[in-house]
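Asks: start22.txt is the file, holding compact mmCIF, C-alpha atoms and all ligand atoms:
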```txt
# COMPACT_ATOMS: atom_id res chain seq x y z
CA MET Z 1353 61.66 139.76 127.46
CA ASP Z 1354 59.34 141.56 125.04
CA GLN Z 1355 59.30 142.98 121.50
CA ASN Z 1356 61.44 145.92 122.59
CA SER Z 1357 64.09 143.81 124.32
CA THR Z 1358 67.73 144.11 123.32
CA TYR Z 1359 71.00 142.29 123.86
CA THR Z 1360 74.06 144.39 124.67
CA LEU Z 1361 77.11 143.90 122.45
CA SER Z 1362 80.61 143.92 123.93
CA ASN Z 1363 81.02 147.63 123.05
CA GLY Z 1364 77.77 148.57 124.82
CA VAL Z 1365 75.66 148.92 121.65
CA LYS Z 1366 72.16 147.53 122.07
CA ILE Z 1367 70.75 145.18 119.44
CA PRO Z 1368 67.06 144.19 119.25
CA VAL Z 1369 66.71 140.49 120.10
CA ILE Z 1370 64.87 139.59 116.87
CA GLY Z 1371 66.14 140.76 113.50
CA PHE Z 1372 64.21 140.65 110.24
CA GLY Z 1373 65.89 138.54 107.54
CA THR Z 1374 65.83 139.57 103.87
CA TRP Z 1375 67.80 136.93 101.96
CA GLN Z 1376 65.84 135.85 98.86
CA SER Z 1377 63.47 138.80 99.21
CA PRO Z 1378 63.69 140.08 95.64
CA ASN Z 1379 64.89 143.63 95.10
CA GLY Z 1380 61.93 145.85 94.27
CA GLU Z 1381 58.42 146.01 95.59
CA VAL Z 1382 58.56 142.65 97.41
CA ALA Z 1383 61.55 143.45 99.61
CA THR Z 1384 60.44 147.05 100.14
CA SER Z 1385 56.97 145.98 101.26
CA ALA Z 1386 58.32 143.25 103.52
CA VAL Z 1387 60.71 145.61 105.30
CA LYS Z 1388 58.04 148.29 105.61
CA ALA Z 1389 55.56 145.75 107.00
CA ALA Z 1390 58.08 144.42 109.50
CA LEU Z 1391 58.89 147.90 110.78
CA GLU Z 1392 55.19 148.78 111.02
CA MET Z 1393 54.67 145.63 113.10
CA GLY Z 1394 57.39 146.68 115.51
CA TYR Z 1395 60.58 144.99 114.30
CA ARG Z 1396 63.51 147.35 114.82
CA HIS Z 1397 66.36 145.28 113.39
CA ILE Z 1398 66.86 144.49 109.70
CA ASP Z 1399 69.46 142.13 108.26
CA THR Z 1400 70.58 142.42 104.65
CA ALA Z 1401 73.78 141.94 102.64
CA SER Z 1402 75.36 143.24 99.49
CA ALA Z 1403 75.06 139.73 98.05
CA TYR Z 1404 71.27 139.70 98.49
CA GLY Z 1405 71.02 142.36 95.79
CA ASN Z 1406 68.25 144.11 97.70
CA GLU Z 1407 70.00 146.83 99.72
CA GLU Z 1408 68.19 149.50 97.68
CA SER Z 1409 64.80 148.05 98.52
CA VAL Z 1410 65.70 147.56 102.16
CA GLY Z 1411 66.64 151.24 102.33
CA ALA Z 1412 63.43 152.15 100.51
CA GLY Z 1413 61.37 150.07 102.96
CA LEU Z 1414 63.01 151.85 105.85
CA LEU Z 1415 62.16 155.24 104.35
CA ALA Z 1416 58.61 154.21 103.47
CA SER Z 1417 57.93 152.97 107.00
CA GLY Z 1418 58.47 156.45 108.42
CA VAL Z 1419 60.36 154.94 111.36
CA PRO Z 1420 63.30 157.25 112.13
CA ARG Z 1421 66.68 155.85 111.06
CA GLY Z 1422 67.98 156.17 114.63
CA GLU Z 1423 65.34 153.73 115.90
CA VAL Z 1424 66.32 150.93 113.52
CA PHE Z 1425 69.30 148.60 113.88
CA LEU Z 1426 70.55 148.07 110.33
CA THR Z 1427 73.01 145.34 109.32
CA SER Z 1428 74.70 144.62 106.01
CA LYS Z 1429 77.55 142.33 104.98
CA LEU Z 1430 80.66 142.55 102.88
CA TRP Z 1431 80.59 140.12 99.96
CA ASN Z 1432 83.38 137.73 98.97
CA LYS Z 1433 84.59 139.61 95.89
CA ASP Z 1434 85.29 142.65 98.06
CA HIS Z 1435 87.77 141.10 100.51
CA GLY Z 1436 90.89 143.20 101.07
CA TYR Z 1437 91.52 146.57 102.73
CA ASP Z 1438 90.80 149.02 99.89
CA GLU Z 1439 88.08 146.83 98.44
CA THR Z 1440 86.25 146.77 101.77
CA LEU Z 1441 86.30 150.55 102.12
CA ALA Z 1442 84.91 150.96 98.60
CA ALA Z 1443 82.24 148.26 99.06
CA PHE Z 1444 81.08 149.86 102.30
CA ASP Z 1445 80.53 153.22 100.57
CA LEU Z 1446 78.45 151.52 97.88
CA THR Z 1447 76.34 149.73 100.49
CA LEU Z 1448 75.54 153.03 102.23
CA ALA Z 1449 74.74 154.69 98.91
CA ARG Z 1450 72.39 151.87 97.86
CA MET Z 1451 70.52 152.03 101.15
CA LYS Z 1452 70.61 155.85 101.27
CA VAL Z 1453 71.86 155.85 104.86
CA LYS Z 1454 74.82 157.59 106.49
CA TYR Z 1455 75.97 154.76 108.77
CA LEU Z 1456 75.38 151.09 109.58
CA ASP Z 1457 74.67 149.66 112.99
CA LEU Z 1458 76.47 146.43 112.15
CA TYR Z 1459 78.73 145.41 109.27
CA LEU Z 1460 79.76 141.78 108.92
CA ILE Z 1461 82.29 139.88 106.84
CA HIS Z 1462 79.83 137.55 105.10
CA TRP Z 1463 82.16 134.52 104.68
CA PRO Z 1464 85.73 134.17 105.94
CA ILE Z 1465 87.25 132.52 102.88
CA PRO Z 1466 86.11 133.41 99.37
CA MET Z 1467 86.97 130.77 96.80
CA GLU Z 1468 89.58 132.96 95.09
CA ARG Z 1469 91.39 133.49 98.40
CA ARG Z 1470 91.84 129.87 99.46
CA THR Z 1471 95.61 130.12 99.37
CA ASP Z 1472 96.01 133.57 100.94
CA TRP Z 1473 92.90 133.78 103.12
CA LYS Z 1474 94.86 134.85 106.19
CA ASP Z 1475 96.24 138.03 104.58
CA SER Z 1476 93.03 138.76 102.77
CA LEU Z 1477 90.81 138.30 105.82
CA LEU Z 1478 93.12 140.44 107.91
CA GLY Z 1479 93.10 143.27 105.35
CA THR Z 1480 89.31 143.14 105.34
CA TRP Z 1481 89.14 143.15 109.13
CA ASN Z 1482 91.55 146.10 109.40
CA ALA Z 1483 89.30 148.09 107.04
CA MET Z 1484 86.28 147.23 109.19
CA ILE Z 1485 88.19 148.45 112.25
CA LYS Z 1486 88.98 151.72 110.48
CA LEU Z 1487 85.32 152.24 109.53
CA TYR Z 1488 84.34 151.50 113.11
CA LYS Z 1489 86.91 153.91 114.55
CA ASP Z 1490 85.80 156.56 112.06
CA GLY Z 1491 82.29 156.28 113.49
CA ARG Z 1492 80.70 154.98 110.29
CA ILE Z 1493 79.61 151.64 111.79
CA ARG Z 1494 78.38 151.18 115.36
CA ALA Z 1495 79.53 147.55 115.60
CA ILE Z 1496 81.58 145.18 113.48
CA GLY Z 1497 81.58 141.43 113.24
CA VAL Z 1498 81.85 138.29 111.18
CA SER Z 1499 79.59 135.64 109.75
CA ASN Z 1500 80.11 131.94 109.16
CA CYS Z 1501 83.35 132.01 111.14
CA ARG Z 1502 84.81 129.09 113.02
CA PRO Z 1503 87.17 129.50 115.96
CA HIS Z 1504 90.35 129.38 113.85
CA HIS Z 1505 89.16 132.29 111.67
CA ILE Z 1506 88.32 134.42 114.70
CA GLU Z 1507 91.56 133.48 116.48
CA HIS Z 1508 93.50 134.73 113.47
CA LEU Z 1509 91.76 138.13 113.60
CA VAL Z 1510 92.11 138.55 117.34
CA ARG Z 1511 95.75 137.43 117.43
CA ASN Z 1512 96.70 139.97 114.79
CA THR Z 1513 94.54 142.98 115.71
CA SER Z 1514 93.41 142.46 119.32
CA VAL Z 1515 89.95 143.53 118.16
CA VAL Z 1516 87.37 140.86 118.95
CA PRO Z 1517 84.43 140.85 116.52
CA MET Z 1518 81.26 141.84 118.36
CA VAL Z 1519 79.06 139.36 116.48
CA ASN Z 1520 79.29 136.03 114.69
CA GLN Z 1521 76.26 135.31 112.48
CA ILE Z 1522 76.05 131.58 111.88
CA GLU Z 1523 73.62 128.93 110.73
CA TYR Z 1524 71.66 128.04 113.84
CA HIS Z 1525 68.38 126.13 114.17
CA PRO Z 1526 67.08 122.98 115.82
CA GLY Z 1527 69.28 120.13 114.65
CA PHE Z 1528 72.22 122.35 113.73
CA TRP Z 1529 73.39 124.92 116.24
CA GLN Z 1530 77.17 124.59 116.24
CA LYS Z 1531 77.70 124.43 119.99
CA TYR Z 1532 81.48 124.49 119.76
CA VAL Z 1533 81.39 127.74 117.76
CA VAL Z 1534 78.85 129.25 120.15
CA ASP Z 1535 80.87 128.30 123.24
CA PHE Z 1536 84.04 129.74 121.74
CA CYS Z 1537 82.32 133.02 120.80
CA LYS Z 1538 80.62 133.37 124.18
CA GLU Z 1539 83.98 132.99 125.89
CA LEU Z 1540 85.16 136.03 123.90
CA GLY Z 1541 82.01 138.02 124.68
CA MET Z 1542 80.64 137.79 121.13
CA GLN Z 1543 76.91 137.81 120.33
CA ILE Z 1544 75.65 134.91 118.21
CA GLN Z 1545 73.09 135.63 115.50
CA ALA Z 1546 71.03 132.75 114.10
CA TRP Z 1547 70.67 132.62 110.34
CA SER Z 1548 68.01 130.30 108.90
CA PRO Z 1549 66.44 130.15 112.38
CA MET Z 1550 63.72 127.84 110.98
CA ALA Z 1551 66.12 126.07 108.60
CA GLN Z 1552 64.01 127.61 105.80
CA GLY Z 1553 61.17 125.35 106.87
CA ARG Z 1554 63.20 122.14 106.84
CA VAL Z 1555 62.53 121.54 110.55
CA PHE Z 1556 58.76 121.80 110.24
CA HIS Z 1557 58.36 118.03 109.86
CA LEU Z 1558 60.23 117.10 113.07
CA PRO Z 1559 57.93 115.16 115.45
CA LEU Z 1560 59.34 116.82 118.58
CA LEU Z 1561 58.66 120.30 117.20
CA LYS Z 1562 55.13 119.25 116.19
CA GLU Z 1563 54.55 117.94 119.71
CA LEU Z 1564 55.84 121.18 121.29
CA SER Z 1565 53.79 123.26 118.87
CA GLU Z 1566 50.64 121.53 120.15
CA LYS Z 1567 51.75 121.68 123.78
CA TYR Z 1568 52.41 125.45 123.74
CA ASN Z 1569 49.72 126.27 121.16
CA LYS Z 1570 52.30 128.04 119.00
CA SER Z 1571 53.49 127.39 115.45
CA ILE Z 1572 56.69 125.45 114.83
CA ALA Z 1573 58.25 128.68 113.54
CA GLN Z 1574 57.43 130.34 116.86
CA ILE Z 1575 58.86 127.39 118.80
CA CYS Z 1576 62.14 127.70 116.86
CA ILE Z 1577 62.41 131.45 117.38
CA ARG Z 1578 61.51 131.23 121.07
CA TRP Z 1579 64.07 128.44 121.60
CA GLU Z 1580 66.75 130.65 120.03
CA LEU Z 1581 65.80 133.60 122.25
CA GLN Z 1582 65.93 131.43 125.37
CA LYS Z 1583 69.40 130.27 124.24
CA GLY Z 1584 70.53 133.93 124.25
CA VAL Z 1585 70.83 133.97 120.47
CA ASN Z 1586 69.60 136.62 118.03
CA PRO Z 1587 67.27 134.99 115.43
CA LEU Z 1588 66.78 136.62 112.01
CA PRO Z 1589 63.54 135.11 110.65
CA LYS Z 1590 62.80 136.01 107.03
CA SER Z 1591 59.41 136.24 105.39
CA VAL Z 1592 57.72 138.25 102.68
CA THR Z 1593 54.28 137.13 103.90
CA PRO Z 1594 52.66 139.66 106.25
CA ALA Z 1595 50.88 137.04 108.40
CA ARG Z 1596 54.16 135.17 108.91
CA ILE Z 1597 56.11 138.37 109.58
CA ALA Z 1598 53.64 139.05 112.40
CA GLU Z 1599 53.67 135.43 113.63
CA ASN Z 1600 57.47 135.32 113.85
CA PHE Z 1601 57.47 138.42 116.08
CA ASN Z 1602 54.70 137.13 118.33
CA VAL Z 1603 56.88 134.97 120.55
CA PHE Z 1604 56.94 136.89 123.81
CA ASP Z 1605 53.83 135.56 125.53
CA PHE Z 1606 55.08 132.07 126.34
CA THR Z 1607 58.14 130.35 127.77
CA ILE Z 1608 59.52 126.95 126.79
CA SER Z 1609 60.35 124.89 129.89
CA ASP Z 1610 63.98 124.02 130.61
CA ASP Z 1611 63.19 120.35 129.97
CA ASP Z 1612 61.77 121.11 126.53
CA ILE Z 1613 64.69 123.41 125.69
CA ALA Z 1614 66.99 120.49 126.52
CA LYS Z 1615 64.96 118.19 124.26
CA ILE Z 1616 65.33 120.60 121.32
CA ASP Z 1617 69.03 120.93 122.10
CA ALA Z 1618 69.36 117.16 121.92
CA LEU Z 1619 67.70 116.69 118.51
CA PRO Z 1620 69.94 114.64 116.23
CA GLU Z 1621 72.35 116.58 114.03
CA SER Z 1622 70.64 117.39 110.75
CA GLY Z 1623 73.72 118.83 109.05
CA ALA Z 1624 74.09 122.30 107.60
CA THR Z 1625 71.80 123.74 104.94
CA GLY Z 1626 74.54 126.19 103.91
CA TYR Z 1627 78.12 125.94 102.73
CA ASP Z 1628 81.15 124.83 104.68
CA PRO Z 1629 82.93 128.07 105.66
CA ASP Z 1630 86.36 126.57 104.96
CA HIS Z 1631 85.38 125.35 101.51
CA PHE Z 1632 83.02 127.96 100.17
CA ILE Z 1633 82.21 126.82 96.66
CA TYR Z 1634 80.73 129.94 95.08
CA ALA Z 1635 82.85 132.04 92.80
CA SER Z 1636 82.12 135.64 93.74
N1 LIG T 1701 75.15 135.21 107.04
C1 LIG T 1701 74.75 134.29 106.18
O1 LIG T 1701 75.55 133.63 105.50
C2 LIG T 1701 73.29 134.05 106.04
C3 LIG T 1701 72.84 132.90 105.36
C4 LIG T 1701 71.47 132.69 105.26
C5 LIG T 1701 70.59 133.59 105.84
N2 LIG T 1701 71.05 134.73 106.48
C6 LIG T 1701 70.12 135.71 107.11
O2 LIG T 1701 69.20 135.02 107.94
C7 LIG T 1701 67.87 135.26 107.49
C8 LIG T 1701 66.97 134.07 107.76
O3 LIG T 1701 67.44 132.92 107.11
P1 LIG T 1701 66.68 132.26 105.85
O4 LIG T 1701 66.00 133.31 105.09
O5 LIG T 1701 67.69 131.42 105.17
O6 LIG T 1701 65.66 131.21 106.48
P2 LIG T 1701 64.48 131.20 107.55
O7 LIG T 1701 64.21 132.54 108.12
O8 LIG T 1701 64.78 130.07 108.47
O9 LIG T 1701 63.26 130.74 106.63
C9 LIG T 1701 62.71 131.56 105.64
C10 LIG T 1701 61.68 130.73 104.86
O10 LIG T 1701 60.65 130.26 105.75
C11 LIG T 1701 59.39 130.79 105.32
N3 LIG T 1701 58.70 131.22 106.56
C12 LIG T 1701 58.98 132.31 107.30
N4 LIG T 1701 58.19 132.37 108.38
C13 LIG T 1701 57.37 131.29 108.31
C14 LIG T 1701 56.32 130.83 109.13
N5 LIG T 1701 55.98 131.47 110.24
N6 LIG T 1701 55.69 129.69 108.76
C15 LIG T 1701 56.04 129.02 107.64
N7 LIG T 1701 57.06 129.42 106.82
C16 LIG T 1701 57.70 130.56 107.16
C17 LIG T 1701 59.69 131.94 104.38
O11 LIG T 1701 58.68 132.02 103.39
P3 LIG T 1701 58.04 133.40 102.84
O12 LIG T 1701 59.12 134.45 102.80
O13 LIG T 1701 57.55 133.01 101.49
O14 LIG T 1701 56.93 133.77 103.78
C18 LIG T 1701 61.00 131.49 103.76
O15 LIG T 1701 60.76 130.58 102.71
C19 LIG T 1701 68.07 135.57 106.01
O16 LIG T 1701 66.93 136.14 105.40
C20 LIG T 1701 69.28 136.46 106.06
O17 LIG T 1701 68.93 137.76 106.48
C21 LIG T 1701 72.38 134.94 106.58
```
For this file, produce the structure as structure tokens.
Replies:
Amino acid sequence: MDQNSTYTLSNGVKIPVIGFGTWQSPNGEVATSAVKAALEMGYRHIDTASAYGNEESVGAGLLASGVPRGEVFLTSKLWNKDHGYDETLAAFDLTLARMKVKYLDLYLIHWPIPMERRTDWKDSLLGTWNAMIKLYKDGRIRAIGVSNCRPHHIEHLVRNTSVVPMVNQIEYHPGFWQKYVVDFCKELGMQIQAWSPMAQGRVFHLPLLKELSEKYNKSIAQICIRWELQKGVNPLPKSVTPARIAENFNVFDFTISDDDIAKIDALPESGATGYDPDHFIYAS
């Protein structure tokens, strides 16, 4: 595995094994510079979302980097207020316009159940998914998927459309990696993406990770990202700091032993840093 390595999604589309996260990268110069720097360092996969409010800057960073659009795997996500068939189609157009691109490589439903849809989430989620399928069939997205979904959300989509999402992007880091969700998705041939792959720094104090950092002469961030890669998962490390952007991509010159992978797997459950997908508490 190296910096150019890819996973293959169930529809044959190739996705670079590390994606560059952009949540909390403020719209404007900061996000633009971060995306440009990442692409200049060799990242070829960028993850954003309508809710991050920085799609314009992500698109600007892509342009400024000079890397051809066709060489970059670009993901965005549909926000909660836009659930529903017509709403999804309209939101997708706005996302493309903000990023100044003609297509997306991956479009995800950000959360399965917006607060306003608690009582009718099944109809609402299905309408959203049917719009994603249309956009995919129209050739405007190369792959479609979900985020923060548990098995019962995915089962509902598959039972009613027979279209299995190609990706589930979930919270995944040492201490919280949702094995039951991962096993379910793998069974269906779905790729797992790891959001907050370093738990936003909350795992940096763990003694085991400190010990492995010294053993492999790598930072704890690099240990996390490498562990995710060896688990077959697609980490999306975020940084706006050039040295860290480089560090997080420099994880291909060492291998964590099977024994040490098992030790990280067995770390006690830390709990989620994010919201419970069945009880999302944000109003849109
Ligand atoms: N689908 C979803 O619901 C969802 C939810 C959350 C996140 N995501 C995606 O996943 C991406 C990653 O998740 P995240 O941003 O929550 O967390 P993360 O990547 O685990 O951590 C990001 C934080 O760690 C710092 N950091 C980055 N590299 C570091 C290093 N090498 N050493 C020390 N600190 C480092 C960053 O600081 P600086 O930036 O200041 O350098 C930032 O504060 C997001 O950006 C987003 O694209 C998706």
Asks: Go through Z:Gln1521, Z:Ser1565, Z:Thr1400, Z:Asn1432 and flag the residue nearest Z:Arg1469, using all atoms listed in the file for the distances.
Replies: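 Among the listed residues, Z:Asn1432 lies closest to Z:Arg1469.
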Asks: Kindly provide, as a list in words, all nucleotide and amino acid residues lying within 6 Å of ligand LIG 1701 (chain T), counting all atoms listed in the file.
Replies: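 With all atoms listed in the file and a cut-off of 6 Å, ligand LIG 1701 (chain T) is contacted by Gly1373, Thr1374, Trp1375, Asp1399, Thr1400, His1462, Ser1499, Gln1521, Trp1547, Ser1548, Pro1549, Met1550, Ala1551, Gln1552, Gly1553, Ala1573, Leu1588, Pro1589, Lys1590, Ser1591, Val1592, Thr1593, Arg1596, Glu1599 and Asn1600 of chain Z.
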Asks: Would you mind telling me which residue in Z:Ala1442, Z:Ala1401, Z:Leu1426, Z:Ile1367 lies nearest to Z:Trp1463 when using all atoms listed in the file?
Replies: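 Answer, going by the shortest atom-to-atom distance: Z:Ala1401.
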Asks: For Z:Gly1623, which residue among Z:Thr1427, Z:Gln1530, Z:Asn1406, Z:Gln1582 is the nearest when counting all atoms listed in the file?
Replies: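 The closest residue to Z:Gly1623 is Z:Gln1530.
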Asks: Suppose you want the space between atom CA of Z:Phe1444 and atom CA of Z:Pro1517; what is it in Å?
Replies: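 Calculated distance between atom CA of Z:Phe1444 and atom CA of Z:Pro1517 is 17.2 Å.
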Asks: Could you please determine the separation between atom CA of Z:Phe1528 and atom CA of Z:Gln1545 in Å, to one decimal place?
Replies: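 It comes out at 13.4 Å.
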Asks: What separation in Å, quoted to one decimal, exists between atom CA of Z:Val1382 and atom CA of Z:Ala1412?
Replies: 11.1 Å
Asks: Can you list every residue of stretch 1469-1512 of chain Z that has an atom at most 10 Å from stretch 1534-1539 of chain Z, with its nearest atom pair and the distance in Å to one decimal, using all atoms listed in the file, ordered by chain then number, as a tab-separated table?
Replies:
```
residue	atom	partner	partner_atom	distance
Z:Cys1501	CA	Z:Cys1537	CA	9.8
Z:Arg1502	CA	Z:Phe1536	CA	8.8
Z:Pro1503	CA	Z:Phe1536	CA	6.6
Z:Ile1506	CA	Z:Cys1537	CA	8.7
Z:Glu1507	CA	Z:Phe1536	CA	9.9
```
Asks: Which of these residues is nearest to Z:Asn1363, using only C-alpha atoms: Z:Val1533, Z:Leu1448, Z:Ala1389, Z:Ala1495?
Replies: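 Smallest distance to Z:Asn1363 is found for Z:Ala1495.
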Asks: What's around stretch 1607-1620 of chain Z at 7 Å? Count only C-alpha atoms, leave out sequence neighbours fewer than 5 positions away in its own chain, and write the answer as JSON, numbers by chain.
Replies: {"Z": [1526, 1527, 1579]}
Asks: Would you mind exporting the chosen residues as an mmCIF file, keeping the file's coordinate frame, restricted to C-alpha atoms?
Replies:
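Output file out-v8.cif is given in full below:
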```cif
data_model
loop_
_atom_site.group_PDB
_atom_site.id
_atom_site.type_symbol
_atom_site.label_atom_id
_atom_site.label_comp_id
_atom_site.auth_asym_id
_atom_site.auth_seq_id
_atom_site.Cartn_x
_atom_site.Cartn_y
_atom_site.Cartn_z
ATOM 1 C CA PRO Z 1526 67.080 122.980 115.820
ATOM 2 C CA GLY Z 1527 69.280 120.130 114.650
ATOM 3 C CA TRP Z 1579 64.070 128.440 121.600
#
```
Asks: Please provide the set of residues having any atom within 10 Å of Z:Ala1598, restricted to only C-alpha atoms, with same-chain residues fewer than 6 positions apart removed, written as a PyMOL selection string.
Replies: chain Z and resi 1389-1390+1392-1395+1591
Asks: Given the point (66.0, 138.3, 116.2) in the file's coordinates, find the residues that have an atom at most 8 Å from it, counting all atoms listed in the file, and give them as JSON, numbers by chain.
Replies: {"Z": [1368, 1369, 1370, 1371, 1372, 1397, 1545, 1546, 1577, 1581, 1585, 1586, 1587, 1588, 1589]}
Asks: Looking at only C-alpha atoms, which of Z:Thr1358, Z:Asn1602, Z:Thr1625, Z:Gln1543 is the one that sits closest to Z:Phe1425?
Replies: Z:Thr1358
Asks: Looking at Z:Asp1475, Z:Glu1523, Z:Asp1490, Z:Glu1439, which one is nearest to Z:Leu1509, with distances taken over only C-alpha atoms?
Replies: Z:Asp1475
Asks: Counting only C-alpha atoms, select every polymer residue within 7 Å of (81.7, 147.4, 108.4) as defined in the file's coordinates, and provide the selection as a PDB file with C-alpha atoms, in the coordinates of the input.
Replies:
```pdb
ATOM      1  CA  PHE Z1444      81.080 149.860 102.300  1.00  0.00           C
ATOM      2  CA  LEU Z1458      76.470 146.430 112.150  1.00  0.00           C
ATOM      3  CA  TYR Z1459      78.730 145.410 109.270  1.00  0.00           C
ATOM      4  CA  LEU Z1460      79.760 141.780 108.920  1.00  0.00           C
ATOM      5  CA  MET Z1484      86.280 147.230 109.190  1.00  0.00           C
ATOM      6  CA  LEU Z1487      85.320 152.240 109.530  1.00  0.00           C
ATOM      7  CA  TYR Z1488      84.340 151.500 113.110  1.00  0.00           C
ATOM      8  CA  ILE Z1493      79.610 151.640 111.790  1.00  0.00           C
ATOM      9  CA  ILE Z1496      81.580 145.180 113.480  1.00  0.00           C
TER      10      ILE Z1496
END
```
